[in-house]
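Enquirer: Okay, here's the structure, questions in a sec.
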Amino acid sequence: MLLAVSIGNSHITFGTYAGKTWTRRWRIQTVHAKTADEYLVIMRTLFDAAGIAPSAVDSSILSSVVPPLTGTLVETMSTLAGKEPLMLSPRLDLGLRITTENPAEVGADLVANAVAAYARFRGNCIVVDFGTALSFTAVAAPGELRGVAIAPGLTSAVDSLAHSTAQLPSVYLAPPPAAIGRNSVHSIQAGIVFGYTGLVGDIIRRMREELGGSASVIVTGGQSRIMAPLLGPDVAHEQWLALEGLQIIAERNTR
């Protein structure tokens, strides 16, 4: 059984894969102060609640965009699987080429997203990841990670308003009843949720033009469930896209 783990700035997603299917997938908060032993307790507890024996894990793969936690999770996963995890890097067989000016700069989560998206669409595609940062990853046929656009994430924008102003509150993100907000909460929701809908749509349009005029679009990340319905019926949604990519990469590199 494969254990795939993706360390993000706000959340750690992980799951177990066996028999061509995901046994279970989880999302927990990223906490820098936790030790390898503490993460091991969390994983074993969640495994036990799902009826999964930790001893069944015989291989693992890790992607991380949080360097201080990378070694911590390597230790945790080594204990679970009995050997160190495969680390996602541009040196692996990814099934696509990274053609940015410096491939090592591309976040491991974005690489995993791109691998999963290209495996699904087999053509030009754009991944929109609604995480701590809002990222757009452009993939061109026949398998080329062309580049990325990055903006502050929705939660980051809300937090910035609350911290940088005297009277604006931190609000729960959800589509408001109208674009014309009639109270502080709806006003902020309108500006952020509807404003980011326009931002996302325009970046997608520009990227499609640069990719030759057409590209499939898939959204993922913590806020994707809020935003996906606002982006139209042609936009696919996959909450666990990075894990899908990690499983594909693990399979390509352990044959």
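Ordered as shown in the structure tokens, chains take letters A, B, and onward, while each chain numbers its residues from 1 and ligands are numbered from 1 in the order shown.
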Residues at most 10 Å from A:Thr35, counting only C-alpha atoms, excluding those fewer than 5 positions away in the same chain, as a PyMOL selection string?

Expert: chain A and resi 40-41+69+71-73+75-76

Enquirer: Filtering to N, CA, C and O atoms, could you give me those residues as a PDB file, in the first residue's frame?

Expert:
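New file part.pdb:
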ATOM      1  N   LEU A  40       3.220  11.156  13.771  1.00  0.00           N
ATOM      2  CA  LEU A  40       3.051   9.702  13.723  1.00  0.00           C
ATOM      3  C   LEU A  40       1.809   9.284  14.506  1.00  0.00           C
ATOM      4  O   LEU A  40       1.027   8.434  14.050  1.00  0.00           O
ATOM      5  N   VAL A  41       1.600   9.895  15.670  1.00  0.00           N
ATOM      6  CA  VAL A  41       0.408   9.599  16.469  1.00  0.00           C
ATOM      7  C   VAL A  41      -0.853   9.972  15.695  1.00  0.00           C
ATOM      8  O   VAL A  41      -1.835   9.216  15.662  1.00  0.00           O
ATOM      9  N   LEU A  69       9.350  21.492   7.738  1.00  0.00           N
ATOM     10  CA  LEU A  69       8.607  20.276   8.083  1.00  0.00           C
ATOM     11  C   LEU A  69       9.009  19.064   7.245  1.00  0.00           C
ATOM     12  O   LEU A  69       8.569  17.950   7.535  1.00  0.00           O
ATOM     13  N   GLY A  71      11.874  17.348   6.848  1.00  0.00           N
ATOM     14  CA  GLY A  71      12.583  16.314   7.599  1.00  0.00           C
ATOM     15  C   GLY A  71      11.700  15.642   8.631  1.00  0.00           C
ATOM     16  O   GLY A  71      11.809  14.434   8.871  1.00  0.00           O
ATOM     17  N   THR A  72      10.811  16.418   9.235  1.00  0.00           N
ATOM     18  CA  THR A  72       9.893  15.874  10.236  1.00  0.00           C
ATOM     19  C   THR A  72       9.007  14.790   9.630  1.00  0.00           C
ATOM     20  O   THR A  72       8.859  13.695  10.193  1.00  0.00           O
ATOM     21  N   LEU A  73       8.417  15.088   8.467  1.00  0.00           N
ATOM     22  CA  LEU A  73       7.523  14.105   7.844  1.00  0.00           C
ATOM     23  C   LEU A  73       8.293  12.954   7.217  1.00  0.00           C
ATOM     24  O   LEU A  73       7.768  11.832   7.131  1.00  0.00           O
ATOM     25  N   GLU A  75      10.807  11.566   8.623  1.00  0.00           N
ATOM     26  CA  GLU A  75      10.986  10.677   9.773  1.00  0.00           C
ATOM     27  C   GLU A  75       9.693   9.941  10.095  1.00  0.00           C
ATOM     28  O   GLU A  75       9.697   8.721  10.340  1.00  0.00           O
ATOM     29  N   THR A  76       8.573  10.645  10.085  1.00  0.00           N
ATOM     30  CA  THR A  76       7.281  10.011  10.355  1.00  0.00           C
ATOM     31  C   THR A  76       6.982   8.919   9.344  1.00  0.00           C
ATOM     32  O   THR A  76       6.597   7.794   9.707  1.00  0.00           O
TER      33      THR A  76
END

Enquirer: If you run DSSP on the backbone, which residues of stretch 65-164 of chain A are strand (DSSP E or B), as a PyMOL selection string?

Expert: chain A and resi 86-87+97-98+125-130+133-140+144-152

Enquirer: Store the residues of this selection in a file with N, CA, C and O atoms, as a CSV table (one decimal), in the first residue's frame.

Expert:
chain,number,residue,atom,x,y,z
A,86,LEU,N,9.9,8.4,-1.2
A,86,LEU,CA,10.4,9.0,-2.4
A,86,LEU,C,10.1,10.4,-2.4
A,86,LEU,O,8.9,10.8,-2.1
A,87,MET,N,11.1,11.3,-2.6
A,87,MET,CA,10.9,12.7,-2.5
A,87,MET,C,10.6,13.3,-3.9
A,87,MET,O,11.4,13.0,-4.9
A,97,ARG,N,7.7,17.5,-18.9
A,97,ARG,CA,9.0,18.3,-18.8
A,97,ARG,C,8.6,19.6,-18.1
A,97,ARG,O,7.6,20.2,-18.4
A,98,ILE,N,9.5,20.1,-17.2
A,98,ILE,CA,9.3,21.4,-16.7
A,98,ILE,C,10.2,22.3,-17.4
A,98,ILE,O,11.4,22.2,-17.4
A,125,CYS,N,-3.8,22.2,-20.6
A,125,CYS,CA,-4.6,22.3,-19.4
A,125,CYS,C,-4.1,23.3,-18.4
A,125,CYS,O,-2.9,23.6,-18.5
A,126,ILE,N,-5.0,23.8,-17.6
A,126,ILE,CA,-4.6,24.8,-16.6
A,126,ILE,C,-5.1,24.3,-15.2
A,126,ILE,O,-6.3,24.0,-15.1
A,127,VAL,N,-4.3,24.3,-14.2
A,127,VAL,CA,-4.7,24.0,-12.9
A,127,VAL,C,-4.8,25.2,-12.0
A,127,VAL,O,-3.8,26.0,-12.0
A,128,VAL,N,-5.9,25.5,-11.4
A,128,VAL,CA,-6.1,26.6,-10.5
A,128,VAL,C,-6.2,26.0,-9.1
A,128,VAL,O,-7.1,25.3,-8.8
A,129,ASP,N,-5.2,26.4,-8.3
A,129,ASP,CA,-5.1,25.9,-6.9
A,129,ASP,C,-5.4,27.0,-5.9
A,129,ASP,O,-4.7,27.9,-5.7
A,130,PHE,N,-6.6,26.8,-5.3
A,130,PHE,CA,-7.0,27.8,-4.3
A,130,PHE,C,-6.5,27.4,-2.9
A,130,PHE,O,-7.2,26.9,-2.0
A,133,ALA,N,-1.7,30.4,-1.3
A,133,ALA,CA,-1.5,31.3,-2.4
A,133,ALA,C,-2.5,30.8,-3.5
A,133,ALA,O,-2.8,29.6,-3.5
A,134,LEU,N,-2.9,31.6,-4.4
A,134,LEU,CA,-3.8,31.3,-5.5
A,134,LEU,C,-2.8,31.1,-6.7
A,134,LEU,O,-2.1,32.0,-7.1
A,135,SER,N,-2.7,29.8,-7.2
A,135,SER,CA,-1.7,29.6,-8.3
A,135,SER,C,-2.4,29.0,-9.5
A,135,SER,O,-3.4,28.3,-9.4
A,136,PHE,N,-1.8,29.3,-10.6
A,136,PHE,CA,-2.3,28.9,-11.9
A,136,PHE,C,-1.1,28.2,-12.6
A,136,PHE,O,-0.1,28.8,-12.9
A,137,THR,N,-1.3,26.9,-12.9
A,137,THR,CA,-0.2,26.2,-13.6
A,137,THR,C,-0.6,25.8,-15.0
A,137,THR,O,-1.6,25.1,-15.2
A,138,ALA,N,0.2,26.2,-16.0
A,138,ALA,CA,-0.1,26.0,-17.4
A,138,ALA,C,0.7,24.8,-17.9
A,138,ALA,O,1.9,24.8,-17.8
A,139,VAL,N,-0.1,23.8,-18.5
A,139,VAL,CA,0.6,22.7,-19.0
A,139,VAL,C,0.2,22.6,-20.5
A,139,VAL,O,-1.0,22.7,-20.9
A,140,ALA,N,1.2,22.4,-21.3
A,140,ALA,CA,1.0,22.3,-22.8
A,140,ALA,C,1.3,20.9,-23.3
A,140,ALA,O,2.2,20.2,-22.8
A,144,GLU,N,4.3,19.4,-21.1
A,144,GLU,CA,5.3,20.4,-20.8
A,144,GLU,C,4.7,21.4,-19.8
A,144,GLU,O,3.7,22.1,-20.1
A,145,LEU,N,5.2,21.4,-18.6
A,145,LEU,CA,4.8,22.4,-17.6
A,145,LEU,C,5.4,23.7,-18.0
A,145,LEU,O,6.6,24.0,-17.8
A,146,ARG,N,4.6,24.6,-18.6
A,146,ARG,CA,5.1,25.8,-19.3
A,146,ARG,C,5.4,26.9,-18.3
A,146,ARG,O,6.4,27.7,-18.4
A,147,GLY,N,4.6,27.1,-17.2
A,147,GLY,CA,4.8,28.2,-16.3
A,147,GLY,C,3.7,28.3,-15.3
A,147,GLY,O,2.7,27.6,-15.4
A,148,VAL,N,3.8,29.3,-14.5
A,148,VAL,CA,2.9,29.5,-13.3
A,148,VAL,C,2.5,31.0,-13.1
A,148,VAL,O,3.4,31.9,-13.4
A,149,ALA,N,1.3,31.3,-12.7
A,149,ALA,CA,1.0,32.6,-12.2
A,149,ALA,C,0.6,32.5,-10.7
A,149,ALA,O,-0.1,31.5,-10.4
A,150,ILE,N,0.9,33.4,-9.9
A,150,ILE,CA,0.7,33.3,-8.5
A,150,ILE,C,0.1,34.7,-8.0
A,150,ILE,O,0.6,35.7,-8.3
A,151,ALA,N,-1.0,34.6,-7.1
A,151,ALA,CA,-1.6,35.7,-6.5
A,151,ALA,C,-1.9,35.3,-5.0
A,151,ALA,O,-1.8,34.2,-4.7
A,152,PRO,N,-2.2,36.3,-4.2
A,152,PRO,CA,-2.5,36.0,-2.8
A,152,PRO,C,-3.8,35.1,-2.8
A,152,PRO,O,-4.7,35.3,-3.6

Enquirer: To one decimal in Å, tell me the separation between atom CA of A:Thr132 and atom CA of A:Gly153.

Expert: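 These two atoms are separated by 5.0 Å.
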
Enquirer: Report as a ChimeraX atom specification all protein, DNA and RNA residues lying within 8 Å of A:Leu62, evaluated on only C-alpha atoms, omitting residues in the same chain fewer than 4 positions from it.

Expert: /A:4-7,74,85-88,246

Enquirer: Between atom CA of A:Ala33 and atom CA of A:Val65, measure the distance and give it in Å to one decimal.

Expert: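 One can read the atom CA of A:Ala33 to atom CA of A:Val65 distance as 15.9 Å.
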
Enquirer: Could you tell me, as number ranges by chain, which residues of stretch 28-222 of chain A DSSP assigns to helix (DSSP H, G or I) when given the backbone?

Expert: A: 36-50, 54-56, 67-81, 103-105, 108-121, 154-164, 184-210

Enquirer: Report, in Å with one decimal, the straight-line distance from atom CA of A:Asp109 to atom CA of A:Ser63.

Expert: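 If I compute the distance from atom CA of A:Asp109 to atom CA of A:Ser63, I get 6.5 Å.
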
Enquirer: Using only C-alpha atoms, find the one residue out of A:Gly131, A:Gly15, A:Pro169, A:Gly143 that sits nearest to A:Pro54.

Expert: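 Checking each candidate against A:Pro54, we get A:Gly15 as the closest.
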
Enquirer: Just the residues within 8 Å of A:Ala174, please, counting only C-alpha atoms, with nothing from its chain fewer than 5 positions along; format it as a compact mmCIF listing (two decimals) with N, CA, C and O atoms, in the first residue's frame.

Expert:
# COMPACT_ATOMS: atom_id res chain seq x y z
N GLN A 189 -17.29 39.70 1.41
CA GLN A 189 -17.50 38.49 0.62
C GLN A 189 -17.67 38.82 -0.86
O GLN A 189 -17.13 38.13 -1.73
N VAL A 193 -14.91 37.12 -3.02
CA VAL A 193 -15.40 35.96 -3.78
C VAL A 193 -15.70 36.34 -5.24
O VAL A 193 -15.22 35.69 -6.18
N ILE A 226 -15.78 26.42 -2.78
CA ILE A 226 -16.52 27.68 -2.82
C ILE A 226 -16.51 28.25 -4.23
O ILE A 226 -17.53 28.73 -4.74

Enquirer: Nearest to A:Ile28 among A:Gly222, A:Pro229, A:Gly82, A:Gly181, with distances taken over only C-alpha atoms: which residue is it?

Expert: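 Ranking A:Gly222, A:Pro229, A:Gly82, A:Gly181 by distance to A:Ile28, first place goes to A:Gly222.
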